[in-house]
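Data block for input.txt (compact mmCIF, C-alpha atoms):
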# COMPACT_ATOMS: atom_id res chain seq x y z
CA MET A 1 -12.85 7.90 -70.37
CA ARG A 2 -11.08 7.04 -73.61
CA ASP A 3 -8.45 9.42 -74.96
CA VAL A 4 -9.95 10.39 -78.33
CA VAL A 5 -8.42 12.94 -80.68
CA GLU A 6 -9.80 14.55 -83.81
CA ILE A 7 -7.64 13.76 -86.83
CA GLY A 8 -9.73 15.84 -89.26
CA MET A 9 -13.23 17.15 -89.78
CA GLY A 10 -15.70 14.52 -88.60
CA ARG A 11 -13.06 11.86 -88.01
CA GLU A 12 -11.78 10.87 -84.60
CA ALA A 13 -9.26 8.28 -83.49
CA ARG A 14 -8.41 6.76 -80.16
CA ARG A 15 -4.97 7.55 -78.77
CA SER A 16 -3.12 4.36 -77.89
CA TYR A 17 0.32 3.46 -76.58
CA ASP A 18 3.26 1.23 -77.39
CA LEU A 19 5.19 -0.52 -74.64
CA SER A 20 8.08 1.91 -75.16
CA GLN A 21 5.80 4.74 -74.02
CA VAL A 22 4.84 3.03 -70.75
CA GLU A 23 6.91 2.82 -67.57
CA ILE A 24 6.51 0.64 -64.46
CA VAL A 25 6.23 2.50 -61.16
CA PRO A 26 8.13 0.98 -58.21
CA SER A 27 6.23 0.55 -54.94
CA ARG A 28 7.29 1.11 -51.34
CA ARG A 29 8.27 -2.55 -51.03
CA THR A 30 11.04 -4.62 -52.62
CA ARG A 31 11.92 -8.26 -52.17
CA SER A 32 14.67 -10.70 -53.04
CA SER A 33 14.53 -12.00 -56.61
CA GLN A 34 14.96 -15.49 -55.09
CA GLU A 35 11.49 -15.12 -53.58
CA VAL A 36 9.83 -14.37 -56.92
CA SER A 37 7.94 -16.90 -59.06
CA THR A 38 7.67 -16.60 -62.84
CA SER A 39 5.63 -19.78 -63.25
CA TRP A 40 2.27 -19.94 -65.01
CA GLN A 41 -0.11 -22.64 -66.16
CA LEU A 42 -2.07 -23.00 -69.39
CA ASP A 43 -4.95 -25.39 -68.89
CA ALA A 44 -3.36 -28.52 -67.34
CA TYR A 45 0.18 -27.65 -68.44
CA PRO A 46 2.53 -25.87 -65.99
CA PHE A 47 5.54 -23.84 -67.14
CA GLY A 48 8.45 -22.36 -65.25
CA ILE A 49 8.57 -19.15 -67.29
CA PRO A 50 5.84 -17.22 -69.14
CA LEU A 51 7.32 -17.95 -72.56
CA VAL A 52 5.53 -19.08 -75.71
CA THR A 53 7.68 -19.06 -78.82
CA HIS A 54 6.55 -17.39 -82.00
CA PRO A 55 5.94 -20.31 -84.40
CA THR A 56 8.64 -19.64 -86.93
CA ASP A 57 11.17 -22.00 -88.48
CA ALA A 58 13.83 -19.38 -87.72
CA VAL A 59 13.54 -20.21 -84.00
CA VAL A 60 11.63 -23.47 -83.50
CA SER A 61 12.91 -26.82 -84.70
CA PRO A 62 12.13 -30.12 -82.97
CA ALA A 63 15.48 -29.84 -81.17
CA THR A 64 14.94 -26.28 -79.95
CA ALA A 65 11.36 -27.13 -78.99
CA VAL A 66 12.73 -29.80 -76.69
CA ARG A 67 15.38 -27.43 -75.35
CA ILE A 68 12.90 -24.64 -74.63
CA GLY A 69 10.48 -27.09 -73.03
CA ARG A 70 13.18 -28.35 -70.69
CA LEU A 71 14.05 -24.76 -69.79
CA GLY A 72 10.46 -24.13 -68.71
CA GLY A 73 8.83 -22.53 -71.76
CA LEU A 74 6.34 -23.61 -74.41
CA ALA A 75 7.79 -23.95 -77.92
CA VAL A 76 5.31 -23.90 -80.81
CA LEU A 77 6.30 -25.69 -84.04
CA ASN A 78 4.89 -24.27 -87.26
CA ALA A 79 2.84 -27.14 -88.69
CA GLU A 80 2.87 -25.42 -92.09
CA GLY A 81 6.60 -24.77 -92.08
CA LEU A 82 9.70 -26.46 -93.45
CA TRP A 83 9.67 -29.37 -90.98
CA ALA A 84 6.31 -30.40 -92.42
CA ARG A 85 7.35 -30.06 -96.07
CA HIS A 86 11.00 -31.14 -96.51
CA ALA A 87 12.93 -34.23 -95.46
CA ASP A 88 16.05 -32.17 -94.73
CA PRO A 89 14.81 -28.81 -93.40
CA ASP A 90 18.23 -27.91 -91.97
CA ARG A 91 19.61 -27.98 -95.48
CA GLU A 92 16.81 -25.73 -96.71
CA LEU A 93 17.39 -23.29 -93.86
CA GLY A 94 21.02 -23.14 -94.88
CA ARG A 95 19.89 -22.24 -98.38
CA VAL A 96 17.79 -19.38 -96.97
CA VAL A 97 20.79 -18.00 -95.08
CA ASP A 98 22.96 -18.31 -98.20
CA ALA A 99 20.27 -16.52 -100.22
CA VAL A 100 20.50 -13.52 -97.89
CA ALA A 101 24.25 -13.36 -98.45
CA ASP A 102 24.03 -13.83 -102.22
CA GLY A 103 20.92 -11.86 -103.15
CA GLY A 104 19.73 -10.02 -100.06
CA PRO A 105 16.55 -10.40 -98.00
CA ALA A 106 14.28 -10.21 -101.05
CA GLU A 107 15.96 -13.27 -102.55
CA ALA A 108 15.57 -15.10 -99.23
CA VAL A 109 11.84 -14.34 -99.20
CA ARG A 110 11.53 -15.61 -102.78
CA LEU A 111 13.21 -18.85 -101.72
CA LEU A 112 10.94 -19.21 -98.68
CA GLN A 113 7.93 -18.86 -100.98
CA GLU A 114 9.36 -21.57 -103.20
CA LEU A 115 10.12 -23.90 -100.28
CA HIS A 116 6.61 -23.45 -98.85
CA ALA A 117 5.04 -24.34 -102.19
CA ALA A 118 6.01 -27.95 -101.49
CA PRO A 119 3.10 -30.00 -100.08
CA ILE A 120 2.74 -30.69 -96.37
CA GLN A 121 3.56 -34.34 -95.62
CA SER A 122 1.85 -35.79 -92.58
CA SER A 123 4.66 -38.30 -92.08
CA LEU A 124 7.27 -35.53 -91.79
CA LEU A 125 5.05 -33.58 -89.43
CA ALA A 126 4.50 -36.65 -87.26
CA GLU A 127 8.23 -37.32 -87.15
CA ALA A 128 9.04 -33.76 -86.07
CA LEU A 129 6.37 -33.70 -83.38
CA GLY A 130 7.33 -37.19 -82.26
CA THR A 131 10.80 -35.93 -81.37
CA VAL A 132 9.23 -33.37 -79.03
CA ARG A 133 6.74 -35.84 -77.56
CA GLU A 134 9.39 -38.47 -76.85
CA ALA A 135 11.45 -35.89 -74.94
CA GLY A 136 8.61 -35.54 -72.43
CA VAL A 137 7.91 -31.82 -72.91
CA THR A 138 4.59 -30.25 -73.86
CA VAL A 139 3.90 -30.58 -77.59
CA ALA A 140 2.44 -27.51 -79.29
CA ALA A 141 1.89 -26.70 -82.96
CA ARG A 142 0.55 -23.77 -84.95
CA VAL A 143 -1.90 -23.86 -87.85
CA SER A 144 -3.42 -21.01 -89.82
CA PRO A 145 -7.19 -20.48 -89.68
CA GLN A 146 -7.37 -21.44 -93.36
CA ARG A 147 -5.88 -24.91 -92.77
CA ALA A 148 -6.92 -25.63 -89.18
CA ARG A 149 -9.71 -28.05 -90.06
CA GLU A 150 -7.52 -29.89 -92.59
CA LEU A 151 -4.38 -30.32 -90.47
CA THR A 152 -5.68 -30.73 -86.92
CA PRO A 153 -6.54 -34.47 -87.13
CA ALA A 154 -2.95 -35.29 -88.12
CA LEU A 155 -1.61 -33.03 -85.38
CA LEU A 156 -3.72 -34.69 -82.72
CA ALA A 157 -2.67 -38.12 -83.97
CA ALA A 158 0.96 -37.00 -83.65
CA GLY A 159 0.44 -36.09 -80.01
CA VAL A 160 -0.12 -32.32 -80.04
CA GLU A 161 -1.23 -31.19 -76.57
CA VAL A 162 -1.71 -27.46 -77.22
CA LEU A 163 -3.05 -26.23 -80.56
CA VAL A 164 -2.31 -22.67 -81.68
CA VAL A 165 -4.58 -21.22 -84.37
CA GLN A 166 -2.77 -18.11 -85.47
CA GLY A 167 -2.98 -15.66 -88.31
CA THR A 168 -1.86 -12.06 -88.70
CA ILE A 169 -5.37 -10.99 -87.70
CA ILE A 170 -7.95 -13.53 -86.59
CA SER A 171 -11.67 -13.45 -85.83
CA ALA A 172 -14.13 -15.82 -84.24
CA GLU A 173 -15.39 -16.84 -87.68
CA HIS A 174 -12.96 -17.01 -90.60
CA VAL A 175 -14.84 -16.55 -93.88
CA SER A 176 -13.33 -18.05 -97.04
CA GLY A 177 -14.48 -19.32 -100.39
CA GLY A 178 -15.57 -22.58 -98.82
CA GLU A 179 -17.15 -23.35 -95.47
CA PRO A 180 -16.06 -20.78 -92.85
CA LEU A 181 -14.08 -21.89 -89.83
CA ASN A 182 -16.35 -21.37 -86.85
CA LEU A 183 -13.87 -21.36 -83.98
CA LYS A 184 -16.52 -22.01 -81.34
CA GLU A 185 -17.64 -25.21 -83.04
CA PHE A 186 -14.06 -26.15 -83.92
CA ILE A 187 -12.73 -25.72 -80.37
CA SER A 188 -15.67 -27.51 -78.77
CA SER A 189 -14.92 -30.55 -80.93
CA LEU A 190 -11.37 -30.88 -79.55
CA ASP A 191 -10.01 -32.38 -76.34
CA VAL A 192 -6.91 -30.16 -76.28
CA PRO A 193 -6.65 -26.49 -75.28
CA VAL A 194 -6.59 -24.02 -78.15
CA VAL A 195 -4.75 -20.70 -78.18
CA ALA A 196 -5.99 -18.28 -80.86
CA GLY A 197 -4.89 -14.93 -82.23
CA GLY A 198 -3.77 -12.37 -83.03
CA VAL A 199 -6.12 -9.66 -81.93
CA GLY A 200 -5.67 -6.00 -81.15
CA ASP A 201 -8.86 -4.80 -79.51
CA TYR A 202 -11.31 -5.55 -76.69
CA ARG A 203 -14.20 -6.67 -78.88
CA THR A 204 -12.28 -9.26 -80.89
CA ALA A 205 -10.53 -10.54 -77.78
CA MET A 206 -13.92 -11.03 -76.11
CA HIS A 207 -15.26 -12.83 -79.19
CA LEU A 208 -12.32 -15.24 -79.16
CA MET A 209 -12.72 -15.89 -75.45
CA ARG A 210 -16.35 -16.79 -76.06
CA THR A 211 -15.28 -19.45 -78.57
CA GLY A 212 -13.77 -21.44 -75.71
CA ALA A 213 -10.12 -20.59 -76.41
CA ALA A 214 -7.80 -21.25 -73.48
CA GLY A 215 -5.58 -18.34 -74.53
CA VAL A 216 -5.76 -15.30 -76.78
CA ILE A 217 -2.72 -13.94 -78.60
CA VAL A 218 -2.53 -10.14 -78.69
CA GLY A 219 -0.54 -8.67 -81.58
CA TYR A 220 0.92 -10.02 -84.78
CA GLY A 221 4.57 -10.53 -83.85
CA GLU A 222 5.78 -7.00 -84.58
CA SER A 223 9.57 -7.21 -84.97
CA ALA A 224 12.48 -6.10 -87.11
CA ALA A 225 11.27 -8.56 -89.76
CA THR A 226 7.53 -7.87 -89.93
CA THR A 227 6.07 -5.52 -92.53
CA THR A 228 2.36 -5.86 -91.71
CA ASP A 229 2.04 -2.17 -90.86
CA GLU A 230 3.70 -1.16 -94.14
CA VAL A 231 1.89 -3.67 -96.35
CA LEU A 232 -1.60 -3.64 -94.81
CA GLY A 233 -1.58 -0.40 -92.84
CA ILE A 234 -2.52 -2.38 -89.72
CA GLY A 235 -0.74 -1.64 -86.46
CA VAL A 236 -1.30 -2.73 -82.88
CA PRO A 237 0.12 -0.42 -80.18
CA MET A 238 0.89 -3.20 -77.74
CA ALA A 239 0.44 -1.54 -74.35
CA THR A 240 -3.12 -0.46 -75.16
CA ALA A 241 -3.92 -3.73 -76.95
CA VAL A 242 -2.81 -5.84 -73.98
CA VAL A 243 -4.69 -3.67 -71.48
CA ASP A 244 -7.84 -3.94 -73.60
CA ALA A 245 -7.52 -7.73 -73.89
CA ALA A 246 -6.97 -7.97 -70.14
CA ALA A 247 -10.17 -5.96 -69.65
CA ALA A 248 -12.00 -8.43 -71.89
CA ARG A 249 -10.56 -11.29 -69.80
CA ARG A 250 -11.86 -9.68 -66.61
CA ASP A 251 -15.33 -9.11 -68.07
CA TYR A 252 -15.43 -12.64 -69.50
CA LEU A 253 -14.40 -14.02 -66.11
CA ASP A 254 -17.42 -12.25 -64.59
CA GLU A 255 -19.68 -13.29 -67.46
CA THR A 256 -18.84 -16.98 -67.07
CA GLY A 257 -18.57 -17.08 -63.30
CA GLY A 258 -14.90 -17.93 -63.23
CA ARG A 259 -13.51 -19.11 -66.60
CA TYR A 260 -10.05 -17.59 -67.00
CA VAL A 261 -8.54 -17.05 -70.46
CA HIS A 262 -4.84 -16.34 -70.75
CA VAL A 263 -3.59 -13.26 -72.59
CA ILE A 264 -0.34 -13.76 -74.54
CA ALA A 265 1.49 -10.68 -75.84
CA ASP A 266 3.09 -11.19 -79.25
CA GLY A 267 5.41 -8.51 -80.64
CA GLY A 268 6.44 -4.96 -79.93
CA MET A 269 8.96 -6.07 -77.30
CA ALA A 270 12.54 -4.99 -77.88
CA GLY A 271 13.86 -6.73 -74.79
CA SER A 272 13.27 -7.74 -71.20
CA GLY A 273 11.99 -4.33 -70.12
CA ASP A 274 9.18 -4.44 -72.65
CA MET A 275 8.40 -8.02 -71.60
CA ALA A 276 7.95 -6.81 -68.02
CA LYS A 277 5.73 -3.96 -69.23
CA ALA A 278 3.57 -6.36 -71.26
CA ILE A 279 2.91 -8.47 -68.17
CA ALA A 280 2.35 -5.33 -66.09
CA CYS A 281 -0.31 -4.32 -68.65
CA GLY A 282 -2.09 -7.63 -68.06
CA ALA A 283 -0.41 -10.33 -70.17
CA ASP A 284 -0.02 -13.79 -68.63
CA ALA A 285 2.83 -14.73 -70.95
CA VAL A 286 4.89 -13.31 -73.80
CA MET A 287 5.39 -14.78 -77.26
CA LEU A 288 9.01 -14.29 -78.33
CA GLY A 289 10.73 -14.93 -81.63
CA GLU A 290 13.17 -12.21 -82.65
CA GLN A 291 14.67 -12.17 -79.13
CA LEU A 292 15.64 -15.85 -79.48
CA ALA A 293 16.90 -15.78 -83.05
CA ALA A 294 20.52 -14.86 -82.25
CA ALA A 295 21.04 -17.92 -80.02
CA SER A 296 23.70 -20.32 -81.27
CA ASP A 297 21.18 -23.18 -81.36
CA ALA A 298 18.45 -21.26 -83.23
CA PRO A 299 17.83 -22.98 -86.59
CA GLY A 300 17.80 -19.67 -88.51
CA ARG A 301 21.53 -19.11 -87.82
CA GLY A 302 20.94 -15.61 -86.46
CA TYR A 303 18.34 -14.59 -89.07
CA TYR A 304 14.67 -14.05 -88.29
CA TRP A 305 11.41 -14.11 -90.20
CA THR A 306 7.82 -15.02 -89.48
CA SER A 307 5.59 -17.48 -91.33
CA ALA A 308 4.06 -14.53 -93.23
CA ALA A 309 7.31 -14.26 -95.20
CA ALA A 310 6.29 -17.31 -97.22
CA HIS A 311 2.87 -16.02 -98.32
CA PRO A 312 2.69 -16.83 -102.04
CA SER A 313 1.43 -13.43 -103.20
CA LEU A 314 1.72 -10.88 -100.35
CA PRO A 315 4.56 -11.55 -97.90
CA ARG A 316 4.28 -9.53 -94.69
CA SER A 317 7.68 -10.36 -93.28
CA GLY A 318 11.20 -9.93 -94.52
CA VAL A 319 14.30 -11.78 -93.40
CA ALA A 320 16.10 -9.70 -90.77
CA GLY A 321 19.60 -10.25 -89.50
CA PRO A 322 21.99 -11.30 -88.49
CA LEU A 323 20.54 -10.22 -85.15
CA GLY A 324 22.84 -9.54 -82.24
CA ALA A 325 25.96 -11.67 -82.33
CA PRO A 326 24.96 -15.09 -83.72
CA GLY A 327 26.71 -17.95 -81.98
CA LYS A 328 27.69 -15.89 -78.96
CA CYS A 329 25.31 -17.62 -76.55
CA ASP A 330 22.78 -20.44 -76.55
CA LEU A 331 19.09 -20.42 -75.69
CA GLU A 332 19.70 -21.06 -72.02
CA GLN A 333 21.90 -17.99 -71.73
CA VAL A 334 19.40 -15.88 -73.68
CA LEU A 335 16.68 -16.90 -71.24
CA PHE A 336 18.59 -17.05 -67.96
CA GLY A 337 22.00 -15.44 -68.47
CA PRO A 338 24.49 -14.57 -67.32
CA ALA A 339 24.37 -11.30 -69.24
CA THR A 340 27.71 -9.78 -70.14
CA GLY A 341 26.73 -6.46 -71.64
CA GLY A 342 24.00 -4.73 -73.58
CA ASP A 343 22.86 -7.80 -75.51
CA ARG A 344 19.32 -9.10 -75.04
CA VAL A 345 20.39 -11.86 -72.67
CA ASN A 346 18.97 -13.16 -69.36
CA LEU A 347 15.46 -12.14 -70.36
CA PHE A 348 13.68 -13.98 -67.58
CA GLY A 349 16.28 -13.15 -64.97
CA ALA A 350 15.48 -9.52 -65.76
CA LEU A 351 11.76 -10.24 -65.43
CA ARG A 352 12.32 -11.78 -62.00
CA ARG A 353 14.27 -8.69 -60.98
CA ALA A 354 11.47 -6.39 -62.20
CA LEU A 355 8.99 -8.25 -60.00
CA ALA A 356 11.38 -8.14 -57.05
CA LYS A 357 12.17 -4.45 -57.39
CA THR A 358 8.47 -3.58 -57.36
CA GLY A 359 7.69 -5.88 -54.44
CA TYR A 360 5.55 -8.50 -56.20
CA SER A 361 5.95 -12.23 -55.70
CA ASP A 362 4.33 -13.63 -58.85
CA LEU A 363 3.01 -12.71 -62.27
CA LYS A 364 -0.63 -12.27 -61.29
CA GLU A 365 0.32 -9.85 -58.53
CA PHE A 366 2.60 -7.98 -60.90
CA GLN A 367 -0.36 -7.21 -63.17
CA ARG A 368 -1.48 -4.75 -60.48
CA VAL A 369 1.72 -2.67 -60.56
CA GLY A 370 1.42 1.05 -61.23
CA LEU A 371 2.08 2.42 -64.70
CA THR A 372 2.89 5.83 -66.13
CA VAL A 373 2.94 7.11 -69.72
CA ARG A 374 5.76 9.21 -71.12
CA ALA A 375 4.59 12.68 -72.10

For the structure just supplied, provide its representation as structure tokens.
Amino acid sequence: MRDVVEIGMGREARRSYDLSQVEIVPSRRTRSSQEVSTSWQLDAYPFGIPLVTHPTDAVVSPATAVRIGRLGGLAVLNAEGLWARHADPDRELGRVVDAVADGGPAEAVRLLQELHAAPIQSSLLAEALGTVREAGVTVAARVSPQRARELTPALLAAGVEVLVVQGTIISAEHVSGGEPLNLKEFISSLDVPVVAGGVGDYRTAMHLMRTGAAGVIVGYGESAATTTDEVLGIGVPMATAVVDAAAARRDYLDETGGRYVHVIADGGMAGSGDMAKAIACGADAVMLGEQLAAASDAPGRGYYWTSAAAHPSLPRSGVAGPLGAPGKCDLEQVLFGPATGGDRVNLFGALRRALAKTGYSDLKEFQRVGLTVRA
């Protein structure tokens, strides 16, 4: 039975929970962390760790996409970002960092809006994606629902193997001034797996699964930089949202006689403990951005923002940072350690230990772990 509370006369609301309010319950069995697997597979593409990067220029460049791919994760390049619009994006990123120092985060957002007003150049996009393709790692790119139909042919020609259609909030049919994007028809016309999101409830998750999506993103990348809840009043308590999406996955699996859709948790994770809780709630993988931004090889130089920061009229992300201690460790240490203190380092080593301490050998088993809610 759903936990419903009355918030006033004739108006009820469902009580829901953030990951910080949920705890994992250890079982009677433990095992060595060396006997634990964190691997997962999206369509035909296997990965050593359940990591999908948030598609932001602050974290994902062609170079870091290659690095993350070689470390076992899936890096998603923003096909509407700086690498698609400017011949020297590193220079422009340096300008964004300087803008924070000179005028504060608001000035940096103004500059991001200006930089994203430049047109997307298919040649630059092809060059950036070609670097990833030539390295032999899985090539993934993100488009917004508004530009998916326009940009996808160029992305496929450039070798994209996983397409991510992502907006702050997405539905099965995006309605605009022109012809709406019908995701079911769009996905069925492609030969590559599509991951779509974000969503925050069972019904929308089920609708996206029925479009043929290989994965559904839950959340909108809640982080120190995002302002979606302040600007739009929209919030997604991640523990409940992931559990609901996992329920939709189970029902869709029964409905289709065996088609499995991956659930990817995006946002609301302060560190490795929340990552473990997201998977315990039913996620197959986590989408990280802020957690990777402090790495010495992150293109944002320790600063973090999402693609919503560049919206021309209503930005829903600021520029946060510097996060942690920029330059202290690289991406490999962030993902696999060693950790030296309280920093958010060795994220996936911690995940392995969480599985081991609760006696589970892989991610699917771990989704059955017991949970409690803080009073």

Could you give me, as a tab-separated table, every stretch 1-96 of chain A residue with an atom at most 10 Å from stretch 217-239 of chain A, plus its closest atom pair and distance in Å to one decimal, counting all atoms listed in the file, rows ordered by chain then number?
residue	atom	partner	partner_atom	distance
A:Arg15	CA	A:Pro237	CA	9.6
A:Ser16	CA	A:Pro237	CA	6.2
A:Tyr17	CA	A:Pro237	CA	5.3
A:Asp18	CA	A:Pro237	CA	4.5
A:Leu19	CA	A:Ala239	CA	4.9
A:Ser20	CA	A:Ala239	CA	8.4
A:Gln21	CA	A:Ala239	CA	8.3
A:Val22	CA	A:Ala239	CA	7.3
A:His54	CA	A:Gly221	CA	7.4
A:Pro55	CA	A:Gly221	CA	9.9

Export of prior selection with C-alpha atoms as a short mmCIF file (atom, residue, chain, number, x, y, z; two decimals), in the frame of the given file:
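Written file, again-v9.cif:
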data_model
loop_
_atom_site.label_atom_id
_atom_site.label_comp_id
_atom_site.auth_asym_id
_atom_site.auth_seq_id
_atom_site.Cartn_x
_atom_site.Cartn_y
_atom_site.Cartn_z
CA ARG A 15 -4.97 7.55 -78.77
CA SER A 16 -3.12 4.36 -77.89
CA TYR A 17 0.32 3.46 -76.58
CA ASP A 18 3.26 1.23 -77.39
CA LEU A 19 5.19 -0.52 -74.64
CA SER A 20 8.08 1.91 -75.16
CA GLN A 21 5.80 4.74 -74.02
CA VAL A 22 4.84 3.03 -70.75
CA HIS A 54 6.55 -17.39 -82.00
CA PRO A 55 5.94 -20.31 -84.40
#

- request: Around the point (-0.1, -26.0, -92.5) in the file's coordinates, collect all residues with an atom within 9 Å, using only C-alpha atoms, and return them as a list in words.
  value: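 Here the neighbourhood of the point contains Asn78, Ala79, Glu80, Gly81, Ala84, Ile120, Arg142, Val143, Ser144, Gln146, Arg147, Ala148, Glu150 and Leu151 of chain A.
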
Report task. Would you list the residues near (11.0, -16.3, -52.9) (no more than 12 Å away, in the coordinates of the file, using only C-alpha atoms) as a list of chain:residue names? Result ->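 Applying the cut-off with only C-alpha atoms, one gets A:Thr30, A:Arg31, A:Ser32, A:Ser33, A:Gln34, A:Glu35, A:Val36, A:Ser37, A:Thr38, A:Arg352, A:Arg353, A:Leu355, A:Ala356, A:Gly359, A:Tyr360, A:Ser361, A:Asp362.
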
From the list A:Thr64, A:Asp102, A:Ala295, A:Val243, the nearest residue to A:Thr131 using all atoms listed in the file is A:Thr64

Quick one: pull the distance between atom CA of A:Leu351 and atom CA of A:Val76, Å, one decimal.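 So the two atoms, atom CA of A:Leu351 and atom CA of A:Val76, lie 21.6 Å apart.
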
One residue among A:Pro26, A:Pro180, A:Pro312, A:Gly198 is nearest to A:His116 when using all atoms listed in the file, and that residue is A:Pro312

* Expressed in Å to a single decimal, how great is the separation between atom CA of A:Thr204 and atom CA of A:Val261? ->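 Distance reported for this atom pair: 13.5 Å.
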
The residue from A:Gly212, A:Gly318, A:Gly258, A:Pro62 with the smallest atom-to-atom distance to A:Val192, counting all atoms listed in the file, is A:Gly212

A:Asp274 surroundings by all atoms listed in the file, 12 Å radius, close-in-sequence under 4 positions cut, as a PyMOL selection string: chain A and resi 18-24+238-239+265-270+278-281+283+286-288+291+344+347-348+350-351+354

Please dump the current selection as a PDB file, in the frame of the given file; keep C-alpha atoms.
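Result file is out23.pdb:
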ATOM      1  CA  ASP A  18       3.260   1.230 -77.390  1.00  0.00           C
ATOM      2  CA  LEU A  19       5.190  -0.520 -74.640  1.00  0.00           C
ATOM      3  CA  SER A  20       8.080   1.910 -75.160  1.00  0.00           C
ATOM      4  CA  GLN A  21       5.800   4.740 -74.020  1.00  0.00           C
ATOM      5  CA  VAL A  22       4.840   3.030 -70.750  1.00  0.00           C
ATOM      6  CA  GLU A  23       6.910   2.820 -67.570  1.00  0.00           C
ATOM      7  CA  ILE A  24       6.510   0.640 -64.460  1.00  0.00           C
ATOM      8  CA  MET A 238       0.890  -3.200 -77.740  1.00  0.00           C
ATOM      9  CA  ALA A 239       0.440  -1.540 -74.350  1.00  0.00           C
ATOM     10  CA  ALA A 265       1.490 -10.680 -75.840  1.00  0.00           C
ATOM     11  CA  ASP A 266       3.090 -11.190 -79.250  1.00  0.00           C
ATOM     12  CA  GLY A 267       5.410  -8.510 -80.640  1.00  0.00           C
ATOM     13  CA  GLY A 268       6.440  -4.960 -79.930  1.00  0.00           C
ATOM     14  CA  MET A 269       8.960  -6.070 -77.300  1.00  0.00           C
ATOM     15  CA  ALA A 270      12.540  -4.990 -77.880  1.00  0.00           C
ATOM     16  CA  ALA A 278       3.570  -6.360 -71.260  1.00  0.00           C
ATOM     17  CA  ILE A 279       2.910  -8.470 -68.170  1.00  0.00           C
ATOM     18  CA  ALA A 280       2.350  -5.330 -66.090  1.00  0.00           C
ATOM     19  CA  CYS A 281      -0.310  -4.320 -68.650  1.00  0.00           C
ATOM     20  CA  ALA A 283      -0.410 -10.330 -70.170  1.00  0.00           C
ATOM     21  CA  VAL A 286       4.890 -13.310 -73.800  1.00  0.00           C
ATOM     22  CA  MET A 287       5.390 -14.780 -77.260  1.00  0.00           C
ATOM     23  CA  LEU A 288       9.010 -14.290 -78.330  1.00  0.00           C
ATOM     24  CA  GLN A 291      14.670 -12.170 -79.130  1.00  0.00           C
ATOM     25  CA  ARG A 344      19.320  -9.100 -75.040  1.00  0.00           C
ATOM     26  CA  LEU A 347      15.460 -12.140 -70.360  1.00  0.00           C
ATOM     27  CA  PHE A 348      13.680 -13.980 -67.580  1.00  0.00           C
ATOM     28  CA  ALA A 350      15.480  -9.520 -65.760  1.00  0.00           C
ATOM     29  CA  LEU A 351      11.760 -10.240 -65.430  1.00  0.00           C
ATOM     30  CA  ALA A 354      11.470  -6.390 -62.200  1.00  0.00           C
TER      31      ALA A 354
END

Kindly output stretch 331-342 of chain A as a PDB file, keeping the file's coordinate frame, after building N, CA and C atoms.
ATOM      1  N   LEU A 331      20.422 -20.785 -76.171  1.00  0.00           N
ATOM      2  CA  LEU A 331      19.090 -20.420 -75.690  1.00  0.00           C
ATOM      3  C   LEU A 331      19.038 -20.275 -74.182  1.00  0.00           C
ATOM      4  N   GLU A 332      19.730 -21.149 -73.477  1.00  0.00           N
ATOM      5  CA  GLU A 332      19.700 -21.060 -72.020  1.00  0.00           C
ATOM      6  C   GLU A 332      20.266 -19.722 -71.545  1.00  0.00           C
ATOM      7  N   GLN A 333      21.333 -19.268 -72.151  1.00  0.00           N
ATOM      8  CA  GLN A 333      21.900 -17.990 -71.730  1.00  0.00           C
ATOM      9  C   GLN A 333      20.988 -16.834 -72.125  1.00  0.00           C
ATOM     10  N   VAL A 334      20.342 -16.918 -73.289  1.00  0.00           N
ATOM     11  CA  VAL A 334      19.400 -15.880 -73.680  1.00  0.00           C
ATOM     12  C   VAL A 334      18.274 -15.770 -72.647  1.00  0.00           C
ATOM     13  N   LEU A 335      17.806 -16.910 -72.180  1.00  0.00           N
ATOM     14  CA  LEU A 335      16.680 -16.900 -71.240  1.00  0.00           C
ATOM     15  C   LEU A 335      17.092 -16.577 -69.816  1.00  0.00           C
ATOM     16  N   PHE A 336      18.245 -17.121 -69.380  1.00  0.00           N
ATOM     17  CA  PHE A 336      18.590 -17.050 -67.960  1.00  0.00           C
ATOM     18  C   PHE A 336      19.978 -16.463 -67.664  1.00  0.00           C
ATOM     19  N   GLY A 337      20.712 -16.056 -68.693  1.00  0.00           N
ATOM     20  CA  GLY A 337      22.000 -15.440 -68.470  1.00  0.00           C
ATOM     21  C   GLY A 337      23.101 -16.449 -68.195  1.00  0.00           C
ATOM     22  N   PRO A 338      24.268 -15.962 -67.761  1.00  0.00           N
ATOM     23  CA  PRO A 338      24.490 -14.570 -67.320  1.00  0.00           C
ATOM     24  C   PRO A 338      24.623 -13.602 -68.495  1.00  0.00           C
ATOM     25  N   ALA A 339      24.194 -12.363 -68.257  1.00  0.00           N
ATOM     26  CA  ALA A 339      24.370 -11.300 -69.240  1.00  0.00           C
ATOM     27  C   ALA A 339      25.753 -10.703 -69.065  1.00  0.00           C
ATOM     28  N   THR A 340      26.361 -10.327 -70.193  1.00  0.00           N
ATOM     29  CA  THR A 340      27.710  -9.780 -70.140  1.00  0.00           C
ATOM     30  C   THR A 340      27.798  -8.359 -70.655  1.00  0.00           C
ATOM     31  N   GLY A 341      26.697  -7.813 -71.099  1.00  0.00           N
ATOM     32  CA  GLY A 341      26.730  -6.460 -71.640  1.00  0.00           C
ATOM     33  C   GLY A 341      25.351  -6.016 -72.053  1.00  0.00           C
ATOM     34  N   GLY A 342      25.277  -5.288 -73.147  1.00  0.00           N
ATOM     35  CA  GLY A 342      24.000  -4.730 -73.580  1.00  0.00           C
ATOM     36  C   GLY A 342      23.172  -5.643 -74.447  1.00  0.00           C
TER      37      GLY A 342
END
